[in-house]
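*Asks:* Please read through the structure below; I'll follow up with questions.
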Amino acid sequence: QVRLVESGGGLVQAGGSLRLSCAASGSVSSSNTMGWYRRAPGKQREVVAGITSGGGTNYADSVKGRFTISRDNGKNTMYLQMNSLKPEDTGVYYCMTSIDFKLYSGQGTQVTVSS
């Protein structure tokens with residue numbers, strides 16, 4: 001069983017910051033690659049960042065230089081530090097992981113950036 005629980009979303013003004021957390025439990029381990037994706041109304045799902053077990057990271061061009069993904073393997077928790085937020089960053093953010101070729105995600109946390 002895999003359980004991913006996101007938290008940290010909220011309402012922030014443009015230019016502000018938020019830090020999202022994803023608490024993982026069950027079959028998720030430090031050896032699993034994890035990431036964040038978001039859904040915005042009227043837009044396709046967008047993978048915004050990923051992190052490997054070794055700490056390698058990658059980002060969507062739309063968030064490079066503003067978002068930082070990290071993980072604390074001891075706490076089985078992943079983070080997404082979001083700075084210089086823009087209204088177009090508004091959406092529901094989900095953490096995800098893939099185990100045995102199956103994709104798992106949490107319930108999501110809402111991020112709203114006002115202009």
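Convention: chains lettered A, B, ... in structure tokens order; per-chain residue numbering from 1; ligands numbered from 1 as shown.
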Can you tell me which residues surround A:Gln13 at a distance of at most 12 Å, considering only C-alpha atoms, apart from same-chain residues fewer than 3 positions away, and format the answer as a PyMOL selection string?
*Replies:* chain A and resi 10+16-18+83-90+111-115
*Asks:* Those same residues, written as a CSV table (one decimal), in the first residue's frame with all heavy atoms?
*Replies:*
chain,number,residue,atom,x,y,z
A,10,GLY,N,-2.1,27.0,-0.3
A,10,GLY,CA,-2.8,28.2,0.3
A,10,GLY,C,-2.9,29.3,-0.7
A,10,GLY,O,-2.7,29.1,-1.9
A,16,GLY,N,5.1,36.0,-3.9
A,16,GLY,CA,5.3,35.3,-2.6
A,16,GLY,C,5.8,33.9,-2.7
A,16,GLY,O,6.2,33.5,-3.8
A,17,SER,N,5.8,33.2,-1.6
A,17,SER,CA,6.4,31.9,-1.5
A,17,SER,C,5.5,31.0,-0.8
A,17,SER,O,4.7,31.4,0.1
A,17,SER,CB,7.8,31.9,-0.8
A,17,SER,OG,8.7,32.7,-1.5
A,18,LEU,N,5.6,29.7,-1.1
A,18,LEU,CA,5.0,28.6,-0.4
A,18,LEU,C,5.9,27.4,-0.4
A,18,LEU,O,6.7,27.2,-1.3
A,18,LEU,CB,3.6,28.2,-1.0
A,18,LEU,CG,2.4,29.1,-0.8
A,18,LEU,CD1,1.2,28.6,-1.7
A,18,LEU,CD2,2.0,29.2,0.6
A,83,ASN,N,9.1,29.8,-4.9
A,83,ASN,CA,9.4,31.3,-4.7
A,83,ASN,C,8.9,32.0,-6.0
A,83,ASN,O,8.7,31.5,-7.0
A,83,ASN,CB,10.8,31.5,-4.5
A,83,ASN,CG,11.3,30.8,-3.2
A,83,ASN,OD1,10.6,30.7,-2.2
A,83,ASN,ND2,12.6,30.4,-3.3
A,84,SER,N,8.8,33.3,-5.8
A,84,SER,CA,8.4,34.2,-6.9
A,84,SER,C,7.2,33.7,-7.6
A,84,SER,O,7.2,33.6,-8.9
A,84,SER,CB,9.6,34.4,-7.9
A,84,SER,OG,10.8,34.9,-7.3
A,85,LEU,N,6.2,33.3,-6.9
A,85,LEU,CA,5.0,32.7,-7.5
A,85,LEU,C,4.3,33.7,-8.4
A,85,LEU,O,4.3,34.9,-8.2
A,85,LEU,CB,4.1,32.2,-6.3
A,85,LEU,CG,4.5,30.9,-5.7
A,85,LEU,CD1,3.9,30.7,-4.3
A,85,LEU,CD2,4.2,29.8,-6.6
A,86,LYS,N,3.7,33.1,-9.4
A,86,LYS,CA,3.0,33.9,-10.4
A,86,LYS,C,1.5,33.4,-10.5
A,86,LYS,O,1.3,32.2,-10.1
A,86,LYS,CB,3.6,33.7,-11.8
A,86,LYS,CG,5.1,34.0,-11.9
A,86,LYS,CD,5.6,33.6,-13.3
A,86,LYS,CE,7.1,34.0,-13.4
A,86,LYS,NZ,7.7,33.6,-14.7
A,87,PRO,N,0.6,34.2,-10.9
A,87,PRO,CA,-0.8,33.7,-11.0
A,87,PRO,C,-0.9,32.4,-11.8
A,87,PRO,O,-1.8,31.6,-11.5
A,87,PRO,CB,-1.5,34.9,-11.7
A,87,PRO,CG,-0.7,36.1,-11.3
A,87,PRO,CD,0.7,35.6,-11.2
A,88,GLU,N,-0.1,32.3,-12.8
A,88,GLU,CA,-0.2,31.0,-13.7
A,88,GLU,C,0.3,29.8,-12.9
A,88,GLU,O,0.2,28.7,-13.5
A,88,GLU,CB,0.6,31.2,-15.0
A,88,GLU,CG,2.0,31.7,-14.8
A,88,GLU,CD,2.1,33.2,-15.0
A,88,GLU,OE1,1.3,34.0,-14.5
A,88,GLU,OE2,3.1,33.7,-15.7
A,89,ASP,N,0.8,30.0,-11.7
A,89,ASP,CA,1.2,28.8,-10.9
A,89,ASP,C,0.0,28.2,-10.2
A,89,ASP,O,0.1,27.2,-9.5
A,89,ASP,CB,2.3,29.2,-9.9
A,89,ASP,CG,3.6,29.5,-10.6
A,89,ASP,OD1,4.0,28.8,-11.5
A,89,ASP,OD2,4.3,30.5,-10.1
A,90,THR,N,-1.1,28.9,-10.2
A,90,THR,CA,-2.3,28.5,-9.6
A,90,THR,C,-2.8,27.1,-10.1
A,90,THR,O,-2.7,26.8,-11.2
A,90,THR,CB,-3.5,29.5,-9.8
A,90,THR,OG1,-3.1,30.7,-9.1
A,90,THR,CG2,-4.8,29.0,-9.2
A,111,VAL,N,-3.1,25.5,-4.6
A,111,VAL,CA,-2.2,26.7,-4.5
A,111,VAL,C,-2.9,27.8,-5.4
A,111,VAL,O,-3.2,27.5,-6.5
A,111,VAL,CB,-0.8,26.4,-5.1
A,111,VAL,CG1,0.0,27.7,-5.2
A,111,VAL,CG2,-0.1,25.4,-4.2
A,112,THR,N,-3.2,28.9,-4.8
A,112,THR,CA,-3.8,30.0,-5.5
A,112,THR,C,-2.9,31.2,-5.3
A,112,THR,O,-2.6,31.6,-4.2
A,112,THR,CB,-5.2,30.3,-4.9
A,112,THR,OG1,-6.0,29.1,-5.0
A,112,THR,CG2,-5.9,31.4,-5.7
A,113,VAL,N,-2.5,31.8,-6.5
A,113,VAL,CA,-1.7,33.0,-6.5
A,113,VAL,C,-2.5,34.1,-7.1
A,113,VAL,O,-2.9,34.1,-8.2
A,113,VAL,CB,-0.4,32.7,-7.3
A,113,VAL,CG1,0.5,33.9,-7.3
A,113,VAL,CG2,0.3,31.5,-6.9
A,114,SER,N,-2.7,35.1,-6.3
A,114,SER,CA,-3.5,36.3,-6.7
A,114,SER,C,-2.5,37.4,-7.3
A,114,SER,O,-1.4,37.5,-6.9
A,114,SER,CB,-4.2,36.9,-5.5
A,114,SER,OG,-3.3,37.4,-4.5
A,115,SER,N,-3.1,38.1,-8.3
A,115,SER,CA,-2.3,39.1,-8.9
A,115,SER,C,-2.4,40.4,-8.2
A,115,SER,O,-3.2,40.6,-7.4
A,115,SER,CB,-2.7,39.2,-10.4
A,115,SER,OG,-4.1,39.5,-10.4
*Asks:* With only C-alpha atoms as the counted atoms, please give the residues lying no more than 7 Å from A:Val47, apart from itself and same-chain residues fewer than 4 positions off, as a list in words.
*Replies:*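 Result of the neighbour search: Trp36, Tyr37, Arg38 and Ala60 of chain A.
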*Asks:* When you look at A:Leu103 with a cut-off of 12 Å (counting only C-alpha atoms), what residues show up, excluding the ones that are within fewer than 3 positions of it in the same chain? I need them as a JSON list (two decimals) with all heavy atoms, in the first residue's frame.
*Replies:*
[["chain", "number", "residue", "atom", "x", "y", "z"],
["A", 2, "VAL", "N", 0.47, 2.24, -0.77],
["A", 2, "VAL", "CA", 1.20, 3.50, -0.87],
["A", 2, "VAL", "C", 0.29, 4.63, -0.44],
["A", 2, "VAL", "O", -0.87, 4.71, -0.86],
["A", 2, "VAL", "CB", 1.66, 3.74, -2.33],
["A", 2, "VAL", "CG1", 2.28, 5.12, -2.47],
["A", 2, "VAL", "CG2", 2.64, 2.66, -2.75],
["A", 3, "ARG", "N", 0.81, 5.49, 0.43],
["A", 3, "ARG", "CA", 0.03, 6.66, 0.84],
["A", 3, "ARG", "C", 0.90, 7.90, 0.71],
["A", 3, "ARG", "O", 2.02, 7.94, 1.23],
["A", 3, "ARG", "CB", -0.45, 6.50, 2.28],
["A", 3, "ARG", "CG", -1.41, 7.60, 2.70],
["A", 3, "ARG", "CD", -2.18, 7.21, 3.95],
["A", 3, "ARG", "NE", -3.21, 8.23, 4.24],
["A", 3, "ARG", "CZ", -3.25, 8.95, 5.37],
["A", 3, "ARG", "NH1", -2.35, 8.77, 6.30],
["A", 3, "ARG", "NH2", -4.21, 9.83, 5.54],
["A", 4, "LEU", "N", 0.37, 8.89, 0.00],
["A", 4, "LEU", "CA", 1.05, 10.16, -0.18],
["A", 4, "LEU", "C", 0.10, 11.25, 0.28],
["A", 4, "LEU", "O", -1.04, 11.33, -0.19],
["A", 4, "LEU", "CB", 1.40, 10.37, -1.66],
["A", 4, "LEU", "CG", 2.32, 9.32, -2.29],
["A", 4, "LEU", "CD1", 2.39, 9.52, -3.80],
["A", 4, "LEU", "CD2", 3.70, 9.37, -1.67],
["A", 28, "VAL", "N", 6.49, 3.15, -0.09],
["A", 28, "VAL", "CA", 7.40, 4.16, -0.64],
["A", 28, "VAL", "C", 8.68, 4.16, 0.18],
["A", 28, "VAL", "O", 8.64, 4.17, 1.40],
["A", 28, "VAL", "CB", 6.76, 5.57, -0.59],
["A", 28, "VAL", "CG1", 7.69, 6.57, -1.26],
["A", 28, "VAL", "CG2", 5.41, 5.56, -1.27],
["A", 32, "ASN", "N", 12.83, 5.26, -4.29],
["A", 32, "ASN", "CA", 11.86, 5.63, -5.32],
["A", 32, "ASN", "C", 12.05, 7.07, -5.79],
["A", 32, "ASN", "O", 12.20, 7.97, -4.98],
["A", 32, "ASN", "CB", 10.44, 5.47, -4.80],
["A", 32, "ASN", "CG", 10.10, 4.03, -4.44],
["A", 32, "ASN", "OD1", 9.75, 3.72, -3.31],
["A", 32, "ASN", "ND2", 10.23, 3.15, -5.40],
["A", 33, "THR", "N", 12.01, 7.25, -7.11],
["A", 33, "THR", "CA", 11.94, 8.59, -7.66],
["A", 33, "THR", "C", 10.59, 9.19, -7.34],
["A", 33, "THR", "O", 9.56, 8.50, -7.39],
["A", 33, "THR", "CB", 12.16, 8.56, -9.18],
["A", 33, "THR", "OG1", 13.50, 8.16, -9.45],
["A", 33, "THR", "CG2", 11.92, 9.93, -9.81],
["A", 34, "MET", "N", 10.59, 10.46, -7.01],
["A", 34, "MET", "CA", 9.33, 11.14, -6.67],
["A", 34, "MET", "C", 9.26, 12.46, -7.41],
["A", 34, "MET", "O", 10.25, 12.94, -7.97],
["A", 34, "MET", "CB", 9.24, 11.37, -5.16],
["A", 34, "MET", "CG", 9.26, 10.10, -4.34],
["A", 34, "MET", "SD", 9.01, 10.39, -2.58],
["A", 34, "MET", "CE", 7.26, 10.82, -2.56],
["A", 35, "GLY", "N", 8.09, 13.05, -7.42],
["A", 35, "GLY", "CA", 7.95, 14.31, -8.12],
["A", 35, "GLY", "C", 6.65, 15.02, -7.78],
["A", 35, "GLY", "O", 5.85, 14.53, -6.97],
["A", 94, "TYR", "N", 0.06, 17.94, -6.82],
["A", 94, "TYR", "CA", 0.05, 16.56, -6.37],
["A", 94, "TYR", "C", 1.48, 16.04, -6.30],
["A", 94, "TYR", "O", 2.30, 16.32, -7.18],
["A", 94, "TYR", "CB", -0.72, 15.68, -7.34],
["A", 94, "TYR", "CG", -2.16, 16.07, -7.58],
["A", 94, "TYR", "CD1", -2.50, 17.03, -8.52],
["A", 94, "TYR", "CD2", -3.18, 15.44, -6.87],
["A", 94, "TYR", "CE1", -3.82, 17.38, -8.75],
["A", 94, "TYR", "CE2", -4.51, 15.77, -7.10],
["A", 94, "TYR", "CZ", -4.81, 16.75, -8.03],
["A", 94, "TYR", "OH", -6.13, 17.07, -8.26],
["A", 95, "CYS", "N", 1.77, 15.26, -5.28],
["A", 95, "CYS", "CA", 3.04, 14.54, -5.29],
["A", 95, "CYS", "C", 2.80, 13.17, -5.88],
["A", 95, "CYS", "O", 1.68, 12.65, -5.86],
["A", 95, "CYS", "CB", 3.68, 14.47, -3.91],
["A", 95, "CYS", "SG", 2.84, 13.43, -2.71],
["A", 96, "MET", "N", 3.84, 12.59, -6.43],
["A", 96, "MET", "CA", 3.68, 11.33, -7.12],
["A", 96, "MET", "C", 4.94, 10.49, -6.99],
["A", 96, "MET", "O", 6.03, 10.99, -6.73],
["A", 96, "MET", "CB", 3.41, 11.58, -8.61],
["A", 96, "MET", "CG", 4.54, 12.30, -9.31],
["A", 96, "MET", "SD", 4.16, 12.57, -11.05],
["A", 96, "MET", "CE", 5.66, 13.40, -11.57],
["A", 97, "THR", "N", 4.74, 9.19, -7.16],
["A", 97, "THR", "CA", 5.85, 8.28, -7.23],
["A", 97, "THR", "C", 5.43, 7.09, -8.08],
["A", 97, "THR", "O", 4.23, 6.84, -8.27],
["A", 97, "THR", "CB", 6.31, 7.82, -5.83],
["A", 97, "THR", "OG1", 7.54, 7.11, -5.94],
["A", 97, "THR", "CG2", 5.27, 6.91, -5.18],
["A", 98, "SER", "N", 6.42, 6.40, -8.61],
["A", 98, "SER", "CA", 6.15, 5.22, -9.42],
["A", 98, "SER", "C", 6.82, 4.02, -8.78],
["A", 98, "SER", "O", 8.02, 4.05, -8.49],
["A", 98, "SER", "CB", 6.67, 5.42, -10.85],
["A", 98, "SER", "OG", 6.47, 4.25, -11.62],
["A", 99, "ILE", "N", 6.02, 3.00, -8.54],
["A", 99, "ILE", "CA", 6.54, 1.77, -7.94],
["A", 99, "ILE", "C", 6.06, 0.60, -8.79],
["A", 99, "ILE", "O", 4.85, 0.45, -9.03],
["A", 99, "ILE", "CB", 6.04, 1.61, -6.49],
["A", 99, "ILE", "CG1", 6.49, 2.80, -5.64],
["A", 99, "ILE", "CG2", 6.55, 0.30, -5.88],
["A", 99, "ILE", "CD1", 5.92, 2.82, -4.25],
["A", 100, "ASP", "N", 7.02, -0.21, -9.24],
["A", 100, "ASP", "CA", 6.67, -1.37, -10.08],
["A", 100, "ASP", "C", 5.81, -0.95, -11.27],
["A", 100, "ASP", "O", 4.80, -1.59, -11.57],
["A", 100, "ASP", "CB", 5.96, -2.44, -9.24],
["A", 100, "ASP", "CG", 6.87, -3.03, -8.17],
["A", 100, "ASP", "OD1", 8.10, -3.02, -8.39],
["A", 100, "ASP", "OD2", 6.36, -3.49, -7.14],
["A", 106, "GLY", "N", -1.13, 11.68, -4.44],
["A", 106, "GLY", "CA", -1.95, 11.98, -3.28],
["A", 106, "GLY", "C", -3.23, 12.67, -3.67],
["A", 106, "GLY", "O", -3.62, 12.69, -4.84]]
*Asks:* Can you tell me, as a VMD selection string, what residues are no more than 9 Å from A:Gln81 when counting only C-alpha atoms, ignoring any on the same chain fewer than 6 positions away?
*Replies:* chain A and resid 17 to 21 66 to 70
*Asks:* Using DSSP on the backbone, list every residue of stretch 56-113 of chain A that comes out as strand (DSSP E), and give them as a ChimeraX atom specification.
*Replies:* /A:57-59,67-72,77-82,91-99,102-105,109-113
*Asks:* Keeping N, CA, C and O atoms, export the residues of the selection given above as a short mmCIF file (atom, residue, chain, number, x, y, z; two decimals), in the first residue's frame.
*Replies:*
data_model
loop_
_atom_site.label_atom_id
_atom_site.label_comp_id
_atom_site.auth_asym_id
_atom_site.auth_seq_id
_atom_site.Cartn_x
_atom_site.Cartn_y
_atom_site.Cartn_z
N THR A 57 17.80 16.17 -9.66
CA THR A 57 16.55 16.90 -9.83
C THR A 57 16.36 17.35 -11.27
O THR A 57 17.32 17.49 -12.03
N ASN A 58 15.11 17.55 -11.64
CA ASN A 58 14.80 18.18 -12.92
C ASN A 58 13.53 18.99 -12.76
O ASN A 58 12.71 18.70 -11.87
N TYR A 59 13.38 20.00 -13.60
CA TYR A 59 12.28 20.94 -13.48
C TYR A 59 11.68 21.27 -14.84
O TYR A 59 12.38 21.26 -15.86
N PHE A 67 11.38 27.27 -8.36
CA PHE A 67 10.98 26.14 -7.51
C PHE A 67 12.18 25.28 -7.20
O PHE A 67 13.08 25.11 -8.03
N THR A 68 12.19 24.71 -6.01
CA THR A 68 13.24 23.79 -5.61
C THR A 68 12.62 22.56 -4.97
O THR A 68 11.86 22.67 -4.00
N ILE A 69 12.93 21.40 -5.52
CA ILE A 69 12.44 20.14 -4.97
C ILE A 69 13.52 19.52 -4.09
O ILE A 69 14.71 19.62 -4.41
N SER A 70 13.10 18.92 -3.01
CA SER A 70 14.05 18.27 -2.12
C SER A 70 13.35 17.13 -1.39
O SER A 70 12.13 17.01 -1.46
N ARG A 71 14.14 16.31 -0.72
CA ARG A 71 13.54 15.20 0.03
C ARG A 71 14.37 14.93 1.28
O ARG A 71 15.58 15.14 1.29
N ASP A 72 13.69 14.49 2.30
CA ASP A 72 14.34 14.06 3.54
C ASP A 72 14.02 12.58 3.68
O ASP A 72 12.92 12.20 4.11
N THR A 77 9.80 12.22 3.46
CA THR A 77 9.04 13.42 3.09
C THR A 77 9.74 14.14 1.95
O THR A 77 10.97 14.23 1.92
N MET A 78 8.93 14.65 1.03
CA MET A 78 9.44 15.42 -0.09
C MET A 78 8.88 16.83 0.01
O MET A 78 7.77 17.01 0.53
N TYR A 79 9.63 17.78 -0.51
CA TYR A 79 9.22 19.18 -0.41
C TYR A 79 9.27 19.86 -1.78
O TYR A 79 10.01 19.43 -2.66
N LEU A 80 8.51 20.92 -1.89
CA LEU A 80 8.61 21.79 -3.06
C LEU A 80 8.58 23.23 -2.55
O LEU A 80 7.53 23.71 -2.11
N GLN A 81 9.74 23.86 -2.59
CA GLN A 81 9.82 25.27 -2.23
C GLN A 81 9.51 26.09 -3.45
O GLN A 81 10.19 25.95 -4.48
N MET A 82 8.49 26.93 -3.35
CA MET A 82 8.05 27.71 -4.49
C MET A 82 8.22 29.18 -4.18
O MET A 82 7.60 29.70 -3.24
N GLY A 91 -3.12 26.26 -9.11
CA GLY A 91 -3.59 24.93 -9.47
C GLY A 91 -3.56 24.00 -8.27
O GLY A 91 -3.19 24.41 -7.16
N VAL A 92 -3.94 22.77 -8.49
CA VAL A 92 -3.83 21.75 -7.46
C VAL A 92 -2.52 21.00 -7.69
O VAL A 92 -2.26 20.53 -8.80
N TYR A 93 -1.73 20.92 -6.64
CA TYR A 93 -0.41 20.29 -6.73
C TYR A 93 -0.47 18.91 -6.09
O TYR A 93 -0.97 18.75 -4.97
N TYR A 94 0.06 17.94 -6.82
CA TYR A 94 0.05 16.56 -6.37
C TYR A 94 1.48 16.04 -6.30
O TYR A 94 2.30 16.32 -7.18
N CYS A 95 1.77 15.26 -5.28
CA CYS A 95 3.04 14.54 -5.29
C CYS A 95 2.80 13.17 -5.88
O CYS A 95 1.68 12.65 -5.86
N MET A 96 3.84 12.59 -6.43
CA MET A 96 3.68 11.33 -7.12
C MET A 96 4.94 10.49 -6.99
O MET A 96 6.03 10.99 -6.73
N THR A 97 4.74 9.19 -7.16
CA THR A 97 5.85 8.28 -7.23
C THR A 97 5.43 7.09 -8.08
O THR A 97 4.23 6.84 -8.27
N SER A 98 6.42 6.40 -8.61
CA SER A 98 6.15 5.22 -9.42
C SER A 98 6.82 4.02 -8.78
O SER A 98 8.02 4.05 -8.49
N ILE A 99 6.02 3.00 -8.54
CA ILE A 99 6.54 1.77 -7.94
C ILE A 99 6.06 0.60 -8.79
O ILE A 99 4.85 0.45 -9.03
N LYS A 102 3.74 1.37 -11.63
CA LYS A 102 2.43 1.93 -11.33
C LYS A 102 2.61 3.30 -10.71
O LYS A 102 3.45 3.48 -9.82
N LEU A 103 1.82 4.27 -11.18
CA LEU A 103 1.92 5.64 -10.71
C LEU A 103 0.97 5.86 -9.54
O LEU A 103 -0.21 5.50 -9.61
N TYR A 104 1.49 6.46 -8.49
CA TYR A 104 0.69 6.80 -7.32
C TYR A 104 0.76 8.31 -7.08
O TYR A 104 1.80 8.93 -7.32
N SER A 105 -0.34 8.88 -6.61
CA SER A 105 -0.35 10.29 -6.25
C SER A 105 -1.27 10.50 -5.06
O SER A 105 -2.08 9.62 -4.73
N THR A 109 -3.00 19.43 -3.08
CA THR A 109 -3.16 20.62 -2.23
C THR A 109 -3.30 21.83 -3.14
O THR A 109 -2.57 21.97 -4.13
N GLN A 110 -4.24 22.69 -2.83
CA GLN A 110 -4.56 23.83 -3.70
C GLN A 110 -3.59 24.97 -3.46
O GLN A 110 -3.34 25.38 -2.32
N VAL A 111 -3.07 25.48 -4.55
CA VAL A 111 -2.23 26.69 -4.52
C VAL A 111 -2.92 27.75 -5.37
O VAL A 111 -3.25 27.51 -6.53
N THR A 112 -3.16 28.90 -4.76
CA THR A 112 -3.80 30.00 -5.47
C THR A 112 -2.92 31.23 -5.34
O THR A 112 -2.59 31.65 -4.23
N VAL A 113 -2.54 31.78 -6.48
CA VAL A 113 -1.68 32.96 -6.51
C VAL A 113 -2.50 34.12 -7.07
O VAL A 113 -2.94 34.07 -8.22
#
*Asks:* With distances taken over only C-alpha atoms, which of A:Thr52, A:Glu6, A:Val63, A:Glu46 is nearest to A:Ser29?
*Replies:*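 Of A:Thr52, A:Glu6, A:Val63, A:Glu46, the one nearest A:Ser29 is A:Thr52, counting only C-alpha atoms.
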*Asks:* As an exercise, work out the distance from atom CA of A:Ala23 to atom CA of A:Val5 in Å and give it to one decimal place.
*Replies:*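 Calculated distance between atom CA of A:Ala23 and atom CA of A:Val5 is 5.2 Å.
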*Asks:* Using Å and a single decimal, report how far atom CA of A:Phe101 sits from atom CA of A:Ser62.
*Replies:*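 Atom CA of A:Phe101 lies at a distance of 26.8 Å from atom CA of A:Ser62.
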*Asks:* If you measure from atom CA of A:Gln44 to atom CA of A:Gln1, what distance in Å do you get, rounded to one decimal?
*Replies:*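 Rounded to one decimal, the two atoms are 27.7 Å apart.
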